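Colleague: This one is final_0.csv, CSV, C-alpha atoms.
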chain,number,residue,atom,x,y,z
Z,163,MET,CA,49.9,151.0,59.6
Z,164,THR,CA,49.5,154.8,60.1
Z,165,ASP,CA,48.6,154.3,63.7
Z,166,SER,CA,51.8,155.3,65.6
Z,167,ARG,CA,51.3,153.1,68.6
Z,168,PHE,CA,50.6,150.1,66.4
Z,169,VAL,CA,53.9,150.6,64.5
Z,170,CYS,CA,55.9,151.2,67.8
Z,171,ALA,CA,54.5,147.9,69.2
Z,172,ARG,CA,55.3,146.1,66.0
Z,173,LEU,CA,58.8,147.3,65.5
Z,174,GLU,CA,60.2,144.1,67.0
Z,175,ASP,CA,58.1,142.1,64.6
Z,176,ALA,CA,59.2,144.1,61.7
Z,177,LEU,CA,62.9,143.5,62.6
Z,178,ARG,CA,62.4,139.9,63.4
Z,179,ASP,CA,60.3,139.0,60.3
Z,180,ASP,CA,62.3,141.2,58.0
Z,181,GLU,CA,59.2,141.9,56.0
Z,182,PRO,CA,59.9,144.8,53.6
Z,183,GLY,CA,56.5,146.4,53.9
Z,184,LEU,CA,56.5,146.3,57.7
Z,185,LEU,CA,60.1,147.6,57.8
Z,186,GLU,CA,59.3,150.4,55.4
Z,187,ALA,CA,56.4,151.5,57.5
Z,188,ALA,CA,58.5,151.3,60.7
Z,189,ARG,CA,61.2,153.5,59.0
Z,190,GLU,CA,58.6,156.0,58.0
Z,191,HIS,CA,57.2,156.0,61.4
Z,192,ALA,CA,60.6,156.4,63.0
Z,193,LEU,CA,61.1,159.8,61.4
Z,194,GLY,CA,58.7,161.2,63.9
Z,195,CYS,CA,59.3,158.8,66.8
Z,196,PRO,CA,62.7,159.2,68.7
Z,197,GLU,CA,62.5,155.8,70.4
Z,198,CYS,CA,61.9,153.8,67.3
Z,199,ARG,CA,64.5,155.9,65.5
Z,200,ALA,CA,67.1,155.0,68.1
Z,201,ALA,CA,66.1,151.4,68.0
Z,202,LEU,CA,66.4,151.3,64.2
Z,203,ALA,CA,69.7,153.1,64.2
Z,204,ALA,CA,71.1,150.6,66.7
Z,205,TRP,CA,69.8,147.8,64.5
Z,206,ASP,CA,71.3,149.2,61.3
Z,207,ALA,CA,74.6,149.9,63.1
Z,208,THR,CA,74.9,146.2,64.0
Z,209,SER,CA,74.3,145.3,60.3
Z,210,ALA,CA,77.0,147.8,59.3
Z,211,LEU,CA,79.5,145.9,61.4
Z,212,GLY,CA,79.1,142.7,59.4
Z,213,PRO,CA,81.4,143.6,56.6
Z,214,LEU,CA,84.2,144.2,59.1
Z,215,LEU,CA,84.3,140.4,59.5
Z,216,ARG,CA,84.7,139.7,55.8
Z,217,ARG,CA,88.1,138.1,55.4
Z,218,SER,CA,90.4,137.7,52.5
Z,219,TRP,CA,94.0,136.6,52.4
Z,220,PRO,CA,96.3,135.4,49.7
Z,221,SER,CA,96.6,131.6,49.5
Z,222,PRO,CA,98.4,130.8,46.3
Z,223,GLU,CA,98.9,127.2,47.4
Z,224,LEU,CA,95.3,126.4,48.0
Z,225,GLU,CA,94.1,126.0,44.4
Z,226,PRO,CA,96.9,123.7,43.3
Z,227,ARG,CA,96.4,121.7,46.6
Z,228,ILE,CA,92.7,121.3,45.8
Z,229,ARG,CA,93.5,120.2,42.2
Z,230,ARG,CA,96.0,117.6,43.5
Z,231,ALA,CA,93.6,116.3,46.1
Z,232,LEU,CA,90.8,116.1,43.5
Z,233,LEU,CA,93.0,114.2,41.1
Z,234,LYS,CA,94.1,111.8,43.9
Z,235,GLN,CA,90.5,111.3,44.9
Z,236,SER,CA,89.4,110.5,41.4
Z,237,ASN,CA,92.3,108.1,40.8
Z,238,ALA,CA,91.4,106.3,44.0
Z,239,LYS,CA,87.8,106.0,43.0
Z,240,ARG,CA,87.6,103.5,40.2
Z,241,ARG,CA,84.3,104.2,38.5
Z,242,LEU,CA,82.4,102.0,36.2
Z,243,VAL,CA,83.0,103.1,32.6
Z,244,ALA,CA,80.8,103.1,29.5
Z,245,PRO,CA,80.9,99.8,27.6
Z,246,GLY,CA,82.5,101.1,24.4
Z,247,TRP,CA,85.3,102.7,26.3
Z,248,THR,CA,85.6,99.9,28.8
Z,249,TYR,CA,86.7,97.4,26.2
Z,250,ALA,CA,89.0,99.8,24.4
Z,251,LEU,CA,90.6,100.9,27.7
Z,252,LEU,CA,90.8,97.3,28.8
Z,253,ALA,CA,92.5,96.4,25.6
Z,254,ALA,CA,94.9,99.2,25.9
Z,255,SER,CA,95.7,98.4,29.5
Z,256,VAL,CA,96.3,94.7,28.7
Z,257,LEU,CA,98.5,95.6,25.8
Z,258,LEU,CA,100.4,98.2,27.9
Z,259,ALA,CA,100.8,95.8,30.7
Z,260,LEU,CA,101.9,93.1,28.3
Z,261,GLY,CA,104.4,95.4,26.8
Z,262,LEU,CA,105.7,96.4,30.2
Z,263,LEU,CA,106.0,92.8,31.3
Z,264,ILE,CA,107.9,91.9,28.2
Z,265,GLN,CA,110.2,94.8,28.7
Z,266,LEU,CA,110.8,93.9,32.3
Z,267,ARG,CA,111.5,90.3,31.8
Z,268,GLY,CA,113.6,90.9,28.7
Z,269,THR,CA,112.1,87.8,27.1
Z,270,ARG,CA,110.0,87.1,24.1
Z,271,SER,CA,106.9,85.1,23.8
Z,272,PRO,CA,107.9,81.8,22.1
Z,273,GLN,CA,104.8,81.6,19.9
Z,274,ALA,CA,104.6,85.2,18.8
Z,275,PRO,CA,107.8,86.9,19.1
Z,276,ILE,CA,107.2,90.6,19.5
Z,277,ASP,CA,110.0,93.0,18.9
Z,278,GLU,CA,110.3,96.5,20.2
Z,279,ALA,CA,108.9,98.1,17.1
Z,280,GLU,CA,105.9,95.7,17.0
Z,281,ARG,CA,105.1,96.4,20.7
Z,282,GLN,CA,105.3,100.1,20.1
Z,283,LEU,CA,102.9,99.6,17.2
Z,284,LEU,CA,100.5,97.5,19.2
Z,285,THR,CA,100.5,100.1,22.0
Z,286,GLU,CA,100.0,102.9,19.5
Z,287,ARG,CA,97.2,100.9,17.8
Z,288,ALA,CA,95.4,100.3,21.2
Z,289,MET,CA,95.8,103.9,22.1
Z,290,ALA,CA,94.4,104.9,18.7
Z,291,ALA,CA,91.4,102.6,19.3
Z,292,VAL,CA,90.8,104.2,22.7
Z,293,GLU,CA,91.0,107.6,21.1
Z,294,ARG,CA,88.6,106.7,18.4
Z,295,SER,CA,86.1,105.3,20.9
Z,296,GLU,CA,86.6,108.5,23.0
Z,297,ALA,CA,86.0,110.6,19.9
Z,298,ASP,CA,82.8,108.7,19.1
Z,299,TYR,CA,81.5,108.9,22.6
Z,300,ILE,CA,82.4,112.6,23.0
Z,301,GLY,CA,80.8,113.3,19.6
Z,302,SER,CA,77.5,111.8,20.8
Z,303,ILE,CA,77.6,113.9,24.0
Z,304,ASP,CA,78.4,117.0,22.0
Z,305,ARG,CA,75.4,116.3,19.8
Z,306,LEU,CA,73.2,116.0,22.9
Z,307,ALA,CA,74.7,119.2,24.2
Z,308,LYS,CA,73.8,121.0,20.9
Z,309,LEU,CA,70.2,119.8,21.3
Z,310,ALA,CA,70.1,121.0,24.9
Z,311,GLU,CA,71.7,124.4,24.1
Z,312,PRO,CA,68.6,126.3,22.9
Z,313,ILE,CA,66.5,124.8,25.7
Z,314,ILE,CA,69.0,126.2,28.3
Z,315,GLU,CA,69.3,129.6,26.5
Z,316,ARG,CA,65.6,130.1,26.1
Z,317,SER,CA,64.6,129.1,29.6
Z,318,SER,CA,64.9,131.5,32.5
Z,319,SER,CA,63.8,129.0,35.2
Z,320,PRO,CA,66.1,128.6,38.2
Z,321,LEU,CA,66.3,124.8,37.5
Z,322,MET,CA,67.8,125.5,34.0
Z,323,ALA,CA,70.1,128.0,35.6
Z,324,ASN,CA,71.3,125.2,37.9
Z,325,TYR,CA,71.8,122.9,34.9
Z,326,ARG,CA,73.7,125.6,33.1
Z,327,GLU,CA,76.0,126.2,36.1
Z,328,LYS,CA,76.6,122.5,36.5
Z,329,LEU,CA,77.4,122.1,32.8
Z,330,GLU,CA,79.9,125.0,33.0
Z,331,ILE,CA,81.7,123.3,35.9
Z,332,LEU,CA,81.8,120.0,34.0
Z,333,ASP,CA,83.1,121.6,30.9
Z,334,ALA,CA,85.8,123.3,32.9
Z,335,ALA,CA,86.7,119.9,34.4
Z,336,ILE,CA,86.8,118.4,31.0
Z,337,ALA,CA,89.1,121.1,29.6
Z,338,GLU,CA,91.4,120.6,32.6
Z,339,CYS,CA,91.5,116.9,32.1
Z,340,ARG,CA,92.1,117.2,28.4
Z,341,ALA,CA,95.0,119.6,29.0
Z,342,GLN,CA,96.6,117.1,31.3
Z,343,ILE,CA,96.0,114.2,28.9
Z,344,GLU,CA,97.8,116.1,26.2
Z,345,ARG,CA,100.8,116.2,28.4
Z,346,ASN,CA,100.6,112.4,29.0
Z,347,ARG,CA,98.5,110.4,26.5
Z,348,PHE,CA,99.1,107.1,28.2
Z,349,ASN,CA,97.9,108.1,31.6
Z,350,ALA,CA,94.9,105.7,32.2
Z,351,HIS,CA,93.9,107.5,35.4
Z,352,LEU,CA,93.4,110.7,33.6
Z,353,ARG,CA,91.4,109.0,30.9
Z,354,HIS,CA,89.2,107.4,33.6
Z,355,GLU,CA,88.7,110.8,35.2
Z,356,LEU,CA,87.8,112.4,31.8
Z,357,LEU,CA,85.4,109.6,31.1
Z,358,SER,CA,83.6,110.0,34.5
Z,359,VAL,CA,83.2,113.7,33.9
Z,360,TYR,CA,81.8,113.0,30.4
Z,361,GLN,CA,79.4,110.5,31.9
Z,362,GLU,CA,78.3,113.0,34.4
Z,363,LYS,CA,77.8,115.5,31.6
Z,364,GLN,CA,75.8,112.9,29.7
Z,365,ARG,CA,73.6,112.2,32.7
Z,366,THR,CA,73.0,115.9,33.3
Z,367,LEU,CA,72.1,116.5,29.7
Z,368,GLU,CA,69.7,113.6,29.8
Z,369,LYS,CA,68.0,114.8,32.9
Z,370,LEU,CA,67.8,118.3,31.4
Z,371,MET,CA,66.1,116.9,28.3
Z,372,GLN,CA,63.7,114.9,30.5
Z,373,GLU,CA,62.8,118.0,32.4
Z,374,LYS,CA,62.0,119.8,29.1
Z,375,SER,CA,59.7,117.0,27.9
R,150,MET,CA,84.3,130.5,50.9
R,151,LYS,CA,87.5,131.1,52.8
R,152,SER,CA,85.9,134.0,54.6
R,153,VAL,CA,82.9,131.9,55.7
R,154,ALA,CA,85.1,129.1,56.9
R,155,MET,CA,87.4,131.6,58.7
R,156,ASN,CA,84.5,133.1,60.6
R,157,LEU,CA,83.2,129.7,61.6
R,158,LEU,CA,86.6,128.2,62.5
R,159,GLY,CA,88.7,131.1,63.6
R,160,ASN,CA,92.0,130.4,61.8
R,161,THR,CA,93.3,130.4,58.3
R,162,ALA,CA,94.7,126.9,58.3
R,163,ASP,CA,91.5,125.2,59.4
R,164,ALA,CA,89.6,127.5,57.0
R,165,GLU,CA,91.7,126.4,54.0
R,166,ASP,CA,91.4,122.7,55.0
R,167,ALA,CA,87.6,123.2,55.2
R,168,VAL,CA,87.5,124.7,51.7
R,169,GLN,CA,89.6,121.9,50.3
R,170,GLU,CA,87.4,119.2,52.0
R,171,ALA,CA,84.3,120.9,50.7
R,172,PHE,CA,85.5,120.7,47.1
R,173,LEU,CA,86.4,117.1,47.5
R,174,LYS,CA,83.0,116.3,49.0
R,175,LEU,CA,81.3,118.3,46.2
R,176,PHE,CA,82.9,116.3,43.5
R,177,ARG,CA,82.2,113.0,45.3
R,178,SER,CA,78.6,113.8,45.6
R,179,LEU,CA,78.1,115.6,42.2
R,180,PRO,CA,76.1,112.7,40.8
R,181,THR,CA,73.5,113.0,43.6
R,182,PHE,CA,73.0,116.7,42.9
R,183,LYS,CA,69.3,117.1,41.9
R,184,GLY,CA,69.3,120.7,41.0
R,185,GLU,CA,66.9,121.7,43.7
R,186,SER,CA,69.2,124.6,44.7
R,187,LEU,CA,72.0,126.4,43.0
R,188,LEU,CA,75.2,124.5,42.8
R,189,SER,CA,76.9,127.3,44.6
R,190,THR,CA,74.4,127.2,47.4
R,191,TRP,CA,75.0,123.4,47.6
R,192,LEU,CA,78.7,124.0,47.8
R,193,TYR,CA,78.2,126.4,50.7
R,194,ARG,CA,76.0,123.9,52.5
R,195,ILE,CA,78.8,121.3,52.2
R,196,LEU,CA,81.3,124.0,53.4
R,197,VAL,CA,79.3,124.9,56.5
R,198,ASN,CA,78.7,121.3,57.4
R,199,THR,CA,82.5,120.6,56.9
R,200,CYS,CA,83.2,123.5,59.3
R,201,TYR,CA,80.8,122.0,61.8
R,202,ASP,CA,82.6,118.7,61.4
R,203,ILE,CA,86.0,120.2,61.9
R,204,GLY,CA,84.7,122.1,65.0
R,205,ARG,CA,83.3,118.9,66.4
R,206,ARG,CA,86.5,117.0,65.8
R,207,ARG,CA,88.4,119.8,67.5
R,208,GLN,CA,86.0,119.6,70.5
R,209,ARG,CA,86.3,115.8,70.8
R,210,ARG,CA,90.1,116.2,70.8
R,211,GLY,CA,89.7,118.9,73.4
R,212,VAL,CA,91.5,121.4,71.2
R,213,GLU,CA,90.5,125.0,71.6
R,214,ALA,CA,89.7,126.9,68.4
R,215,ALA,CA,93.2,128.2,67.4
R,216,LEU,CA,92.4,131.8,66.7
R,217,ASP,CA,95.0,133.5,64.7
R,218,ASP,CA,97.1,135.8,66.8
R,219,ASP,CA,96.3,139.5,66.3
R,220,SER,CA,99.5,140.4,64.4
R,221,LYS,CA,98.7,137.9,61.6
R,222,ALA,CA,94.9,138.2,61.8
R,223,TRP,CA,94.9,142.0,61.2
R,224,GLU,CA,96.6,141.6,57.9
R,225,ILE,CA,93.8,139.5,56.6
R,226,ARG,CA,90.9,141.6,57.8
R,227,ALA,CA,89.2,144.5,56.2
R,228,PRO,CA,91.4,147.6,56.8
R,229,GLN,CA,88.6,149.9,57.8
R,230,GLY,CA,87.1,150.3,61.3
R,231,ASP,CA,88.2,150.4,64.9
R,232,ALA,CA,90.5,147.6,65.8
R,233,SER,CA,89.2,147.0,69.3
R,234,LEU,CA,85.7,147.0,68.0
R,235,ARG,CA,86.6,144.4,65.5
R,236,VAL,CA,88.2,142.2,68.2
R,237,THR,CA,85.1,142.5,70.4
R,238,LEU,CA,82.8,141.8,67.4
R,239,GLU,CA,84.9,138.8,66.3
R,240,ARG,CA,84.8,137.3,69.8
R,241,THR,CA,81.1,138.1,70.3
R,242,VAL,CA,80.2,136.4,67.0
R,243,ALA,CA,82.4,133.4,67.9
R,244,ASP,CA,80.5,133.0,71.2
R,245,LEU,CA,77.1,133.0,69.5
R,246,PRO,CA,75.4,129.6,69.5
R,247,GLU,CA,74.3,127.9,66.3
R,248,PRO,CA,72.5,128.6,64.1
R,249,GLN,CA,72.7,132.2,65.1
R,250,ARG,CA,76.4,132.5,64.4
R,251,SER,CA,76.2,130.9,60.9
R,252,VAL,CA,73.1,133.0,60.0
R,253,PHE,CA,74.8,136.2,61.1
R,254,VAL,CA,78.0,135.3,59.1
R,255,LEU,CA,76.1,134.3,56.0
R,256,PHE,CA,73.6,137.2,56.1
R,257,GLU,CA,75.5,140.2,57.5
R,258,VAL,CA,79.0,139.3,56.5
R,259,GLU,CA,78.6,137.4,53.2
R,260,GLY,CA,75.4,139.0,52.0
R,261,PHE,CA,73.3,135.9,51.5
R,262,LYS,CA,69.5,136.1,51.5
R,263,HIS,CA,67.3,134.3,54.1
R,264,ARG,CA,66.0,132.0,51.3
R,265,GLU,CA,69.6,131.0,50.4
R,266,ILE,CA,70.6,130.6,54.1
R,267,ALA,CA,67.6,128.4,54.6
R,268,GLN,CA,68.9,126.1,51.9
R,269,ILE,CA,72.5,126.2,53.0
R,270,LEU,CA,71.7,125.5,56.7
R,271,GLU,CA,68.7,123.3,55.9
R,272,ILE,CA,66.5,125.3,58.2
R,273,PRO,CA,63.1,127.0,57.5
R,274,GLU,CA,63.4,130.6,56.3
R,275,GLY,CA,61.5,131.8,59.4
R,276,THR,CA,64.1,130.2,61.6
R,277,SER,CA,66.9,132.0,59.7
R,278,LYS,CA,65.1,135.3,60.2
R,279,HIS,CA,64.5,134.6,63.9
R,280,ALA,CA,68.1,133.5,64.4
R,281,LEU,CA,69.4,136.7,62.8
R,282,PHE,CA,67.2,138.8,65.0
R,283,VAL,CA,68.4,137.0,68.2
R,284,ALA,CA,72.0,137.2,67.0
R,285,LYS,CA,71.8,140.9,66.4
R,286,ARG,CA,70.1,141.6,69.7
R,287,ALA,CA,72.8,139.6,71.5
R,288,LEU,CA,75.5,141.5,69.6
R,289,GLN,CA,74.0,144.8,70.4
R,290,GLU,CA,73.9,144.0,74.1
R,291,ARG,CA,77.4,142.6,74.2
R,292,LEU,CA,78.9,145.4,72.2
R,293,LEU,CA,77.2,147.9,74.4
R,294,ALA,CA,78.5,146.1,77.5
R,295,ALA,CA,82.0,146.1,76.1
R,296,ARG,CA,81.8,149.8,75.3
R,297,GLU,CA,80.7,150.6,78.8
R,298,GLU,CA,83.5,148.4,80.2
R,299,ARG,CA,86.1,150.3,78.1
R,300,ALA,CA,84.6,153.6,79.2
Now, as a test, write the supplied structure out as structure tokens.

Modeller:
Amino acid sequence: MTDSRFVCARLEDALRDDEPGLLEAAREHALGCPECRAALAAWDATSALGPLLRRSWPSPELEPRIRRALLKQSNAKRRLVAPGWTYALLAASVLLALGLLIQLRGTRSPQAPIDEAERQLLTERAMAAVERSEADYIGSIDRLAKLAEPIIERSSSPLMANYREKLEILDAAIAECRAQIERNRFNAHLRHELLSVYQEKQRTLEKLMQEKS
Amino acid sequence: MKSVAMNLLGNTADAEDAVQEAFLKLFRSLPTFKGESLLSTWLYRILVNTCYDIGRRRQRRGVEAALDDDSKAWEIRAPQGDASLRVTLERTVADLPEPQRSVFVLFEVEGFKHREIAQILEIPEGTSKHALFVAKRALQERLLAAREERA
């Protein structure tokens, strides 16, 4: 590498292959070689132009637009839900639909007259059942997350870093969903969405545990 | 992300559409993510492919890349540097063929490493290095020619 002609001839290779050792040698050699110095200077000058093309502009509408589009997409995509929740959600939906139907028709079922207070109670009960099932399901995922926590923290492997990053994104999505549900407890779309994110978290945690074993 | 999309598409509206589309695609395909690369790298891969798709759709419709006009474009660019140089640079980069243009944008503008670029563009690392070399040589020549023209 100390042979000057050798380094001159290999300058192109050094630039093309971007090999640190070779480039270092080329730079050292360029100190005493005007031709290579000029070539390297031109090369570096081109690199220095790159940041001129870095763009940034304010777009306050973009994030809310993406959120809306994501919500719309997830609402359109009816995913399969976990059995425990499915039945609870189904029950809630049927009761809610029933309640709505009764309200719309303004009639009462002849066999089982349901008054407004009863209907409210039934709806509340169904919702409470959904929330209990949710809480059980979430509790089991949280326990799984607790088991996975030390594995993620201890490991410095890129794979675990990926899992950590994915779990962070999922947790952020869960927090967002929960915040929206708090504003509207009876929104079944949001509950579907929250469930699908939890399911994804569950799958991710299971995969992570499998990787560990 | 907006910066990458802007450099690949040439205008802010298309760039923002590409970013939005990339997020939607990411969430649709999250279950298929195997953790072979960083999630962020994966997101950039989706973004670049989305930009290519938008570019192709534009080509099919026979629409020219709607470059932002100078007055608006300058507001969104880095304030430093010579304006005419930046225009020349921008046009020269826009004229580069793929994958040279994407590699140049990702490496020199956005600061990605060849290993990451290889994952984003789904090309071998050696191809990324070679594409950057060819792109920079082409830029050197065109910028030199432009300078001589101005002189």

Colleague: Can you tell me how far atom CA of Leu211 of chain Z sits from atom CA of Leu288 of chain R, in Å to one decimal?

Modeller: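 Distance between the two atoms: 10.1 Å.
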
Colleague: Counting only C-alpha atoms, which residue out of R:Ala243, R:Leu192, R:Leu234, R:Leu187 sits closest to chain Z?

Modeller: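 Among the listed residues, R:Leu187 lies closest to chain Z.
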
Colleague: Within 6 Å of chain R, which residues of chain Z come that close, and what is the closest atom pair and distance in Å for each? Count only C-alpha atoms and give it as JSON lines.

Modeller:
{"residue": "Z:Arg178", "atom": "CA", "partner": "R:Phe282", "partner_atom": "CA", "distance": 5.2}
{"residue": "Z:Ser209", "atom": "CA", "partner": "R:Glu257", "partner_atom": "CA", "distance": 5.9}
{"residue": "Z:Gly212", "atom": "CA", "partner": "R:Val258", "partner_atom": "CA", "distance": 4.5}
{"residue": "Z:Pro213", "atom": "CA", "partner": "R:Val258", "partner_atom": "CA", "distance": 4.9}
{"residue": "Z:Leu214", "atom": "CA", "partner": "R:Ala227", "partner_atom": "CA", "distance": 5.8}
{"residue": "Z:Arg216", "atom": "CA", "partner": "R:Val258", "partner_atom": "CA", "distance": 5.8}
{"residue": "Z:Arg217", "atom": "CA", "partner": "R:Ser152", "partner_atom": "CA", "distance": 4.7}
{"residue": "Z:Ser218", "atom": "CA", "partner": "R:Ile225", "partner_atom": "CA", "distance": 5.6}
{"residue": "Z:Trp219", "atom": "CA", "partner": "R:Ile225", "partner_atom": "CA", "distance": 5.1}
{"residue": "Z:Ile228", "atom": "CA", "partner": "R:Gln169", "partner_atom": "CA", "distance": 5.5}
{"residue": "Z:Asn324", "atom": "CA", "partner": "R:Leu187", "partner_atom": "CA", "distance": 5.3}

Colleague: Using only C-alpha atoms, please write the residues we just selected to a file, as a PDB file, keeping the file's coordinate frame.

Modeller:
ATOM      1  CA  ARG Z 178      62.400 139.900  63.400  1.00  0.00           C
ATOM      2  CA  SER Z 209      74.300 145.300  60.300  1.00  0.00           C
ATOM      3  CA  GLY Z 212      79.100 142.700  59.400  1.00  0.00           C
ATOM      4  CA  PRO Z 213      81.400 143.600  56.600  1.00  0.00           C
ATOM      5  CA  LEU Z 214      84.200 144.200  59.100  1.00  0.00           C
ATOM      6  CA  ARG Z 216      84.700 139.700  55.800  1.00  0.00           C
ATOM      7  CA  ARG Z 217      88.100 138.100  55.400  1.00  0.00           C
ATOM      8  CA  SER Z 218      90.400 137.700  52.500  1.00  0.00           C
ATOM      9  CA  TRP Z 219      94.000 136.600  52.400  1.00  0.00           C
ATOM     10  CA  ILE Z 228      92.700 121.300  45.800  1.00  0.00           C
ATOM     11  CA  ASN Z 324      71.300 125.200  37.900  1.00  0.00           C
TER      12      ASN Z 324
END

Colleague: Name the residues in contact with Leu329 of chain Z at a cut-off of 9 Å, using all atoms listed in the file, excluding same-chain residues fewer than 3 positions from it; report them as a PDB file with C-alpha atoms, in the coordinates of the input.

Modeller:
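Saved file selection_10.pdb follows:
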ATOM      1  CA  ASN Z 324      71.300 125.200  37.900  1.00  0.00           C
ATOM      2  CA  TYR Z 325      71.800 122.900  34.900  1.00  0.00           C
ATOM      3  CA  ARG Z 326      73.700 125.600  33.100  1.00  0.00           C
ATOM      4  CA  LEU Z 332      81.800 120.000  34.000  1.00  0.00           C
ATOM      5  CA  ASP Z 333      83.100 121.600  30.900  1.00  0.00           C
ATOM      6  CA  ALA Z 334      85.800 123.300  32.900  1.00  0.00           C
ATOM      7  CA  LYS Z 363      77.800 115.500  31.600  1.00  0.00           C
ATOM      8  CA  THR Z 366      73.000 115.900  33.300  1.00  0.00           C
ATOM      9  CA  LEU Z 367      72.100 116.500  29.700  1.00  0.00           C
TER      10      LEU Z 367
END

Colleague: Quick one, how far is atom CA of Lys369 of chain Z from atom CA of Asp298 of chain Z?

Modeller: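 Going from atom CA of Lys369 of chain Z over to atom CA of Asp298 of chain Z covers 21.1 Å.
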
Colleague: Please determine, counting all atoms listed in the file, which residue among R:Leu293, R:Leu158, R:Leu245, R:Leu175 has the shortest atom-to-atom distance to Arg205 of chain R.

Modeller: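 Smallest distance to Arg205 of chain R is found for R:Leu158.
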
Colleague: Excluding Ala337 of chain Z and its own-chain neighbours fewer than 4 positions away, which residues fall within 12 Å of it when counting only C-alpha atoms? Please give them as a PDB file with C-alpha atoms, keeping the file's coordinate frame.

Modeller:
ATOM      1  CA  GLU Z 330      79.900 125.000  33.000  1.00  0.00           C
ATOM      2  CA  ILE Z 331      81.700 123.300  35.900  1.00  0.00           C
ATOM      3  CA  LEU Z 332      81.800 120.000  34.000  1.00  0.00           C
ATOM      4  CA  ASP Z 333      83.100 121.600  30.900  1.00  0.00           C
ATOM      5  CA  ALA Z 341      95.000 119.600  29.000  1.00  0.00           C
ATOM      6  CA  GLN Z 342      96.600 117.100  31.300  1.00  0.00           C
ATOM      7  CA  ILE Z 343      96.000 114.200  28.900  1.00  0.00           C
ATOM      8  CA  GLU Z 344      97.800 116.100  26.200  1.00  0.00           C
ATOM      9  CA  LEU Z 352      93.400 110.700  33.600  1.00  0.00           C
ATOM     10  CA  GLU Z 355      88.700 110.800  35.200  1.00  0.00           C
ATOM     11  CA  LEU Z 356      87.800 112.400  31.800  1.00  0.00           C
ATOM     12  CA  VAL Z 359      83.200 113.700  33.900  1.00  0.00           C
ATOM     13  CA  TYR Z 360      81.800 113.000  30.400  1.00  0.00           C
TER      14      TYR Z 360
END

Colleague: What is the distance between atom CA of Ser295 of chain Z and atom CA of Ala350 of chain Z, in Å to one decimal?

Modeller: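 A separation of 14.3 Å between them.
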
Colleague: Nearest to Ala200 of chain Z: which of Z:His354, Z:Gly183, Z:Leu173, Z:Leu321 is it, counting all atoms listed in the file?

Modeller: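 Answer, going by the shortest atom-to-atom distance: Z:Leu173.
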
Colleague: Could you please fill out segment 250-261 of chain R with N, CA and C atoms and send it back as a CSV table (one decimal), in the frame of the given file?

Modeller:
chain,number,residue,atom,x,y,z
R,250,ARG,N,75.1,132.0,64.9
R,250,ARG,CA,76.4,132.5,64.4
R,250,ARG,C,76.5,132.3,62.8
R,251,SER,N,76.1,131.2,62.4
R,251,SER,CA,76.2,130.9,60.9
R,251,SER,C,75.2,131.9,60.2
R,252,VAL,N,74.0,132.1,60.7
R,252,VAL,CA,73.1,133.0,60.0
R,252,VAL,C,73.7,134.4,60.0
R,253,PHE,N,74.2,134.8,61.1
R,253,PHE,CA,74.8,136.2,61.1
R,253,PHE,C,75.9,136.3,60.1
R,254,VAL,N,76.8,135.3,60.1
R,254,VAL,CA,78.0,135.3,59.1
R,254,VAL,C,77.5,135.3,57.7
R,255,LEU,N,76.5,134.5,57.4
R,255,LEU,CA,76.1,134.3,56.0
R,255,LEU,C,75.3,135.6,55.6
R,256,PHE,N,74.4,136.1,56.5
R,256,PHE,CA,73.6,137.2,56.1
R,256,PHE,C,74.3,138.6,56.1
R,257,GLU,N,74.9,138.9,57.3
R,257,GLU,CA,75.5,140.2,57.5
R,257,GLU,C,76.9,140.3,56.9
R,258,VAL,N,77.6,139.2,57.0
R,258,VAL,CA,79.0,139.3,56.5
R,258,VAL,C,79.1,139.0,55.0
R,259,GLU,N,78.5,137.9,54.6
R,259,GLU,CA,78.6,137.4,53.2
R,259,GLU,C,77.5,137.9,52.3
R,260,GLY,N,76.4,138.4,52.8
R,260,GLY,CA,75.4,139.0,52.0
R,260,GLY,C,74.4,138.0,51.4
R,261,PHE,N,74.3,136.8,52.0
R,261,PHE,CA,73.3,135.9,51.5
R,261,PHE,C,71.9,136.3,51.9
